[in-house]
file entry_35.txt (compact mmCIF, C-alpha atoms)
# COMPACT_ATOMS: atom_id res chain seq x y z
CA LYS A 1 1.22 44.13 -11.09
CA ALA A 2 4.25 42.00 -11.92
CA GLY A 3 5.71 39.93 -9.10
CA VAL A 4 9.29 39.55 -8.00
CA THR A 5 11.48 38.35 -10.85
CA GLN A 6 14.71 36.46 -10.32
CA THR A 7 17.15 35.53 -13.05
CA PRO A 8 18.45 33.12 -13.97
CA ARG A 9 16.21 30.31 -12.65
CA TYR A 10 18.94 27.69 -12.80
CA LEU A 11 22.71 27.92 -12.76
CA ILE A 12 25.53 25.39 -12.70
CA LYS A 13 28.99 26.60 -11.74
CA THR A 14 32.33 25.05 -10.93
CA ARG A 15 34.10 25.37 -7.59
CA GLY A 16 36.22 28.52 -7.45
CA GLN A 17 34.10 30.45 -9.94
CA GLN A 18 31.96 33.41 -9.07
CA VAL A 19 28.29 34.03 -9.79
CA THR A 20 25.91 36.97 -9.96
CA LEU A 21 22.18 36.62 -9.37
CA SER A 22 19.60 39.26 -10.17
CA CYS A 23 16.33 40.28 -8.52
CA SER A 24 13.75 42.76 -9.79
CA PRO A 25 11.32 43.71 -7.01
CA ILE A 26 7.66 44.55 -7.31
CA SER A 27 7.22 48.01 -8.77
CA GLY A 28 7.31 50.60 -5.99
CA HIS A 29 9.00 48.34 -3.47
CA ARG A 30 12.29 49.73 -2.19
CA SER A 31 13.37 46.93 0.13
CA VAL A 32 15.00 43.76 -1.21
CA SER A 33 16.12 40.90 1.01
CA TRP A 34 18.10 37.83 0.01
CA TYR A 35 17.84 34.37 1.56
CA GLN A 36 19.64 31.08 1.07
CA GLN A 37 17.46 27.98 1.27
CA THR A 38 18.96 24.54 1.80
CA PRO A 39 17.30 21.31 2.99
CA GLY A 40 19.42 21.21 6.13
CA GLN A 41 19.42 24.88 7.15
CA GLY A 42 16.06 26.16 5.96
CA LEU A 43 15.77 29.83 5.01
CA GLN A 44 18.84 31.78 6.09
CA PHE A 45 18.94 35.58 5.85
CA LEU A 46 21.80 36.95 3.75
CA PHE A 47 21.24 40.72 3.60
CA GLU A 48 18.68 43.42 3.03
CA TYR A 49 18.89 46.56 0.93
CA PHE A 50 16.73 49.65 1.08
CA SER A 51 17.23 52.60 -1.24
CA GLU A 52 20.64 51.34 -2.36
CA THR A 53 21.92 50.92 1.22
CA GLN A 54 22.58 47.66 2.97
CA ARG A 55 20.61 47.88 6.20
CA ASN A 56 21.19 44.44 7.59
CA LYS A 57 23.45 41.48 7.05
CA GLY A 58 23.24 37.85 8.11
CA ASN A 59 26.02 35.54 9.24
CA PHE A 60 27.56 34.67 5.92
CA PRO A 61 31.22 35.00 4.88
CA GLY A 62 32.45 37.98 2.91
CA ARG A 63 32.31 35.91 -0.29
CA PHE A 64 28.62 36.78 -0.34
CA SER A 65 27.94 40.36 -1.32
CA GLY A 66 25.17 42.37 -2.85
CA ARG A 67 24.10 45.72 -4.12
CA GLN A 68 21.00 47.61 -5.05
CA PHE A 69 20.55 50.01 -7.92
CA SER A 70 18.59 53.25 -8.07
CA ASN A 71 15.66 51.43 -9.71
CA SER A 72 15.57 49.05 -6.67
CA ARG A 73 16.81 46.07 -8.69
CA SER A 74 19.31 44.09 -6.69
CA GLU A 75 22.15 41.71 -7.41
CA MET A 76 23.99 39.31 -5.19
CA ASN A 77 27.42 37.96 -5.92
CA VAL A 78 29.15 34.89 -4.57
CA SER A 79 32.87 34.62 -5.21
CA THR A 80 35.14 31.59 -4.95
CA LEU A 81 32.22 29.18 -5.01
CA GLU A 82 32.24 26.15 -2.75
CA LEU A 83 30.21 22.95 -3.02
CA GLY A 84 28.27 24.02 0.09
CA ASP A 85 26.99 27.11 -1.72
CA SER A 86 24.63 24.90 -3.72
CA ALA A 87 21.19 26.13 -2.71
CA LEU A 88 18.05 27.92 -3.76
CA TYR A 89 18.64 31.67 -3.50
CA LEU A 90 15.49 33.66 -2.90
CA CYS A 91 14.87 37.34 -2.92
CA ALA A 92 11.90 39.09 -1.36
CA SER A 93 10.66 42.61 -1.88
CA SER A 94 8.59 44.78 0.41
CA GLY A 95 7.48 48.38 0.55
CA HIS A 96 8.45 49.21 4.09
CA LEU A 97 9.95 47.71 7.23
CA ASN A 98 7.85 44.92 8.75
CA THR A 99 5.33 44.83 5.97
CA GLU A 100 4.40 42.02 3.62
CA ALA A 101 7.42 40.52 1.87
CA PHE A 102 6.86 38.82 -1.47
CA PHE A 103 9.27 36.22 -2.74
CA GLY A 104 10.46 35.44 -6.23
CA GLN A 105 10.72 31.87 -7.53
CA GLY A 106 14.39 31.73 -6.70
CA THR A 107 17.61 30.85 -8.49
CA ARG A 108 18.72 27.25 -8.09
CA LEU A 109 22.54 27.30 -7.93
CA THR A 110 24.45 24.06 -8.24
CA VAL A 111 28.20 24.07 -7.64
CA VAL A 112 30.09 21.09 -9.04
CA GLY B 1 20.87 35.36 18.51
CA GLU B 2 17.28 35.56 17.37
CA ASN B 3 15.60 32.22 16.85
CA VAL B 4 12.26 30.82 15.70
CA GLU B 5 11.35 27.24 16.51
CA GLN B 6 8.65 25.50 14.49
CA HIS B 7 6.80 22.24 15.21
CA PRO B 8 6.05 19.72 13.93
CA SER B 9 8.48 19.19 11.08
CA THR B 10 6.01 16.92 9.29
CA LEU B 11 2.25 16.66 9.60
CA SER B 12 -0.09 14.22 7.87
CA VAL B 13 -3.84 14.71 8.04
CA GLN B 14 -6.93 13.32 6.35
CA GLU B 15 -8.78 15.59 3.99
CA GLY B 16 -11.34 17.59 5.93
CA ASP B 17 -9.43 17.46 9.21
CA SER B 18 -7.72 20.44 10.83
CA ALA B 19 -3.98 21.10 10.92
CA VAL B 20 -2.11 23.16 13.49
CA ILE B 21 1.49 24.36 13.24
CA LYS B 22 3.16 26.07 16.19
CA CYS B 23 6.07 28.49 16.42
CA THR B 24 8.01 30.05 19.26
CA TYR B 25 10.22 33.10 18.90
CA SER B 26 12.99 34.46 21.08
CA ASP B 27 13.14 38.21 20.35
CA SER B 28 10.58 39.96 22.56
CA ALA B 29 10.81 43.01 20.27
CA SER B 30 9.35 41.06 17.32
CA ASN B 31 6.08 42.64 16.22
CA TYR B 32 5.27 41.11 12.84
CA PHE B 33 4.60 37.41 12.21
CA PRO B 34 3.94 36.19 8.66
CA TRP B 35 3.24 32.66 7.47
CA TYR B 36 4.38 31.36 4.10
CA LYS B 37 3.39 28.37 1.98
CA GLN B 38 5.97 26.90 -0.37
CA GLU B 39 5.04 24.45 -3.09
CA LEU B 40 7.57 22.36 -4.95
CA GLY B 41 9.70 24.41 -7.31
CA LYS B 42 8.24 27.73 -6.20
CA GLY B 43 9.18 30.53 -3.88
CA PRO B 44 7.39 30.98 -0.55
CA GLN B 45 3.98 32.61 -0.83
CA LEU B 46 2.59 34.81 1.93
CA ILE B 47 -0.71 33.33 3.13
CA ILE B 48 -1.48 35.28 6.30
CA ASP B 49 0.25 37.54 8.78
CA ILE B 50 -0.42 39.03 12.20
CA ARG B 51 0.93 41.98 14.14
CA SER B 52 1.63 42.15 17.84
CA ASN B 53 -1.34 44.37 18.60
CA VAL B 54 -3.73 41.62 17.44
CA GLY B 55 -4.36 38.24 19.10
CA GLU B 56 -6.07 36.41 16.25
CA LYS B 57 -6.70 36.83 12.55
CA LYS B 58 -8.79 34.72 10.17
CA ASP B 59 -8.97 34.43 6.42
CA GLN B 60 -11.45 31.81 5.26
CA ARG B 61 -10.03 28.41 6.30
CA ILE B 62 -6.82 29.85 7.70
CA ALA B 63 -6.32 31.49 11.09
CA VAL B 64 -3.33 32.64 13.06
CA THR B 65 -3.15 33.21 16.82
CA LEU B 66 -0.50 35.10 18.76
CA ASN B 67 0.40 34.96 22.43
CA LYS B 68 2.97 37.69 23.00
CA THR B 69 3.45 36.87 26.65
CA ALA B 70 4.44 33.31 25.87
CA LYS B 71 6.09 34.29 22.55
CA HIS B 72 4.02 31.68 20.70
CA PHE B 73 2.08 31.93 17.48
CA SER B 74 0.20 29.25 15.59
CA LEU B 75 -1.32 28.57 12.18
CA HIS B 76 -4.65 26.77 12.02
CA ILE B 77 -6.00 25.31 8.77
CA THR B 78 -9.53 23.94 8.90
CA GLU B 79 -11.26 21.62 6.41
CA THR B 80 -7.94 20.72 4.83
CA GLN B 81 -7.82 19.90 1.12
CA PRO B 82 -5.18 18.04 -0.94
CA GLU B 83 -4.05 21.36 -2.43
CA ASP B 84 -3.04 22.50 1.07
CA SER B 85 -0.16 20.01 0.84
CA ALA B 86 3.06 22.05 0.91
CA VAL B 87 5.81 23.25 3.24
CA TYR B 88 4.72 25.99 5.63
CA PHE B 89 7.12 28.47 7.22
CA CYS B 90 6.51 30.81 10.10
CA ALA B 91 8.62 33.92 10.57
CA ALA B 92 9.14 36.67 13.10
CA SER B 93 10.50 40.13 12.48
CA SER B 94 13.70 40.99 14.30
CA ALA B 95 15.88 44.06 13.77
CA ASP B 96 14.87 44.79 10.19
CA LYS B 97 14.84 41.18 9.04
CA LEU B 98 12.62 38.14 9.09
CA ILE B 99 13.78 35.08 11.00
CA PHE B 100 12.20 31.91 9.65
CA GLY B 101 11.25 28.68 11.32
CA THR B 102 12.58 25.45 9.86
CA GLY B 103 9.34 24.59 8.08
CA THR B 104 6.53 22.04 8.38
CA ARG B 105 5.78 19.63 5.57
CA LEU B 106 2.00 19.20 5.51
CA GLN B 107 0.50 16.25 3.64
CA VAL B 108 -3.25 16.06 3.19
CA PHE B 109 -4.48 12.62 2.14
CA PRO B 110 -7.72 12.32 0.16
call {"tool": "encode", "arguments": {"input": "entry_35.txt", "output": "structure tokens"}}
result
Amino acid sequence: KAGVTQTPRYLIKTRGQQVTLSCSPISGHRSVSWYQQTPGQGLQFLFEYFSETQRNKGNFPGRFSGRQFSNSRSEMNVSTLELGDSALYLCASSGHLNTEAFFGQGTRLTVV
Amino acid sequence: GENVEQHPSTLSVQEGDSAVIKCTYSDSASNYFPWYKQELGKGPQLIIDIRSNVGEKKDQRIAVTLNKTAKHFSLHITETQPEDSAVYFCAASSADKLIFGTGTRLQVFP
């Protein structure tokens, strides 16, 4: 069974640009969550999608958005990038609420 | 808001010794508590989890204990090996999401 796949693995963007990250969950998993990981703040919850609906959202500005497609693949978008958005962005997939969540390897975003 | 505190932030042990990492959560409705291990350049990997209807769970050298009354849960690693060196995160479920602790960097010296 393939794991969670995130693309791209690395990304360098300039301040003010926008970026789209992709996450393909484990086959059969309908829930996808996104997290931002930085050395100072740890793992911060961004949002969670289940069956194409956003069920929960963390405390991030509206520049951070996401969506989920009918095949459960998910994308997150960050607009008007700031230097502070540099982080490892992780997605996790799970089958149901409060069950095992499996993480991808992450996308390392660097904003210069 | 919901919060998970994790201690210690760093832990150094000799190979063969035990390591204990402790977490405290704030949301009394939390009922699922996973632990993750993250190695350099990789995403977090689920190593063990426990639900609120269980007090202890073991898997080979790893065990987790839960005290719901005190809102504490702990990870115990026995007979540590150099390959156990990594960052460990605890988490607690809260309103459809996982709240993570700030992580513990475990170093096991040969």
call {"tool": "atom_distance", "arguments": {"input": "entry_35.txt", "atom1": "atom CA of A:Leu81", "atom2": "atom CA of A:Val111"}}
result
7.0 Å
call {"tool": "closest_atom_pairs", "arguments": {"input": "entry_35.txt", "of": "chain B", "to": "chain A", "cutoff": "9 Å", "atoms": "all atoms listed in the file", "output": "Markdown table"}}
result
| residue | atom | partner | partner_atom | distance |
| --- | --- | --- | --- | --- |
| B:Asn31 | CA | A:Asn98 | CA | 8.0 |
| B:Tyr32 | CA | A:Asn98 | CA | 6.2 |
| B:Phe33 | CA | A:Asn98 | CA | 8.9 |
| B:Pro34 | CA | A:Glu100 | CA | 7.7 |
| B:Gly41 | CA | A:Gln105 | CA | 7.5 |
| B:Lys42 | CA | A:Gln105 | CA | 5.0 |
| B:Gly43 | CA | A:Gln105 | CA | 4.2 |
| B:Pro44 | CA | A:Phe103 | CA | 6.0 |
| B:Gln45 | CA | A:Phe103 | CA | 6.7 |
| B:Leu46 | CA | A:Phe102 | CA | 6.8 |
| B:Asp49 | CA | A:Glu100 | CA | 8.0 |
| B:Ser93 | CA | A:Asn98 | CA | 6.6 |
| B:Ser94 | CA | A:Asn98 | CA | 9.0 |
| B:Ala95 | CA | A:Asn56 | CA | 8.2 |
| B:Asp96 | CA | A:Leu97 | CA | 6.4 |
| B:Lys97 | CA | A:Asn56 | CA | 7.3 |
| B:Leu98 | CA | A:Phe45 | CA | 7.5 |
| B:Ile99 | CA | A:Phe45 | CA | 7.3 |
| B:Phe100 | CA | A:Leu43 | CA | 6.2 |
| B:Gly101 | CA | A:Gly42 | CA | 7.6 |
| B:Thr102 | CA | A:Gly42 | CA | 5.3 |
| B:Gly103 | CA | A:Gly42 | CA | 7.2 |
call {"tool": "closest_residue", "arguments": {"input": "entry_35.txt", "among": "B:Lys22, B:Ser9, B:Gln14, B:Glu39", "to": "B:Val64", "atoms": "all atoms listed in the file"}}
result
B:Lys22
call {"tool": "residues_around", "arguments": {"input": "entry_35.txt", "residues": "A:Met76", "least_positions_apart": "2", "cutoff": "6 Å", "atoms": "all atoms listed in the file", "output": "PDB file with C-alpha atoms, in the frame of the given file"}}
result
ATOM      1  CA  THR A  20      25.910  36.970  -9.960  1.00  0.00           C
ATOM      2  CA  LEU A  21      22.180  36.620  -9.370  1.00  0.00           C
ATOM      3  CA  SER A  65      27.940  40.360  -1.320  1.00  0.00           C
ATOM      4  CA  GLY A  66      25.170  42.370  -2.850  1.00  0.00           C
TER       5      GLY A  66
END
call {"tool": "atom_distance", "arguments": {"input": "entry_35.txt", "atom1": "atom CA of B:Leu11", "atom2": "atom CA of A:Trp34"}}
result
28.1 Å
call {"tool": "atom_distance", "arguments": {"input": "entry_35.txt", "atom1": "atom CA of B:Val4", "atom2": "atom CA of A:Thr110"}}
result
27.7 Å
call {"tool": "closest_residue", "arguments": {"input": "entry_35.txt", "among": "B:Val108, B:Leu66, B:Ile47, B:Ala19", "to": "B:Ala86", "atoms": "only C-alpha atoms"}}
result
B:Val108
call {"tool": "closest_residue", "arguments": {"input": "entry_35.txt", "among": "A:Lys13, A:Gly28, A:Ser22, A:Asn71", "to": "A:Asp85", "atoms": "all atoms listed in the file"}}
result
A:Lys13
call {"tool": "closest_residue", "arguments": {"input": "entry_35.txt", "among": "A:Ser70, A:Gln37, A:Thr80, A:Ser24", "to": "A:Thr5", "atoms": "all atoms listed in the file"}}
result
A:Ser24
call {"tool": "residues_around", "arguments": {"input": "entry_35.txt", "residues": "B:Cys23", "least_positions_apart": "5", "cutoff": "7 Å", "atoms": "only C-alpha atoms", "output": "ChimeraX atom specification"}}
result
/B:4-7,72-74,90
call {"tool": "closest_residue", "arguments": {"input": "entry_35.txt", "among": "A:Ser93, A:Gln36, A:Ser72, A:Asn77", "to": "A:Gln17", "atoms": "only C-alpha atoms"}}
result
A:Asn77
call {"tool": "residues_around", "arguments": {"input": "entry_35.txt", "residues": "B:Asp84", "least_positions_apart": "5", "cutoff": "9 Å", "atoms": "all atoms listed in the file", "output": "JSON, numbers by chain"}}
result
{"B": [37, 77, 106, 107, 108]}
call {"tool": "closest_residue", "arguments": {"input": "entry_35.txt", "among": "A:Ser94, A:Ser86, A:Ser79, A:Thr38", "to": "A:Gly16", "atoms": "only C-alpha atoms"}}
result
A:Ser79
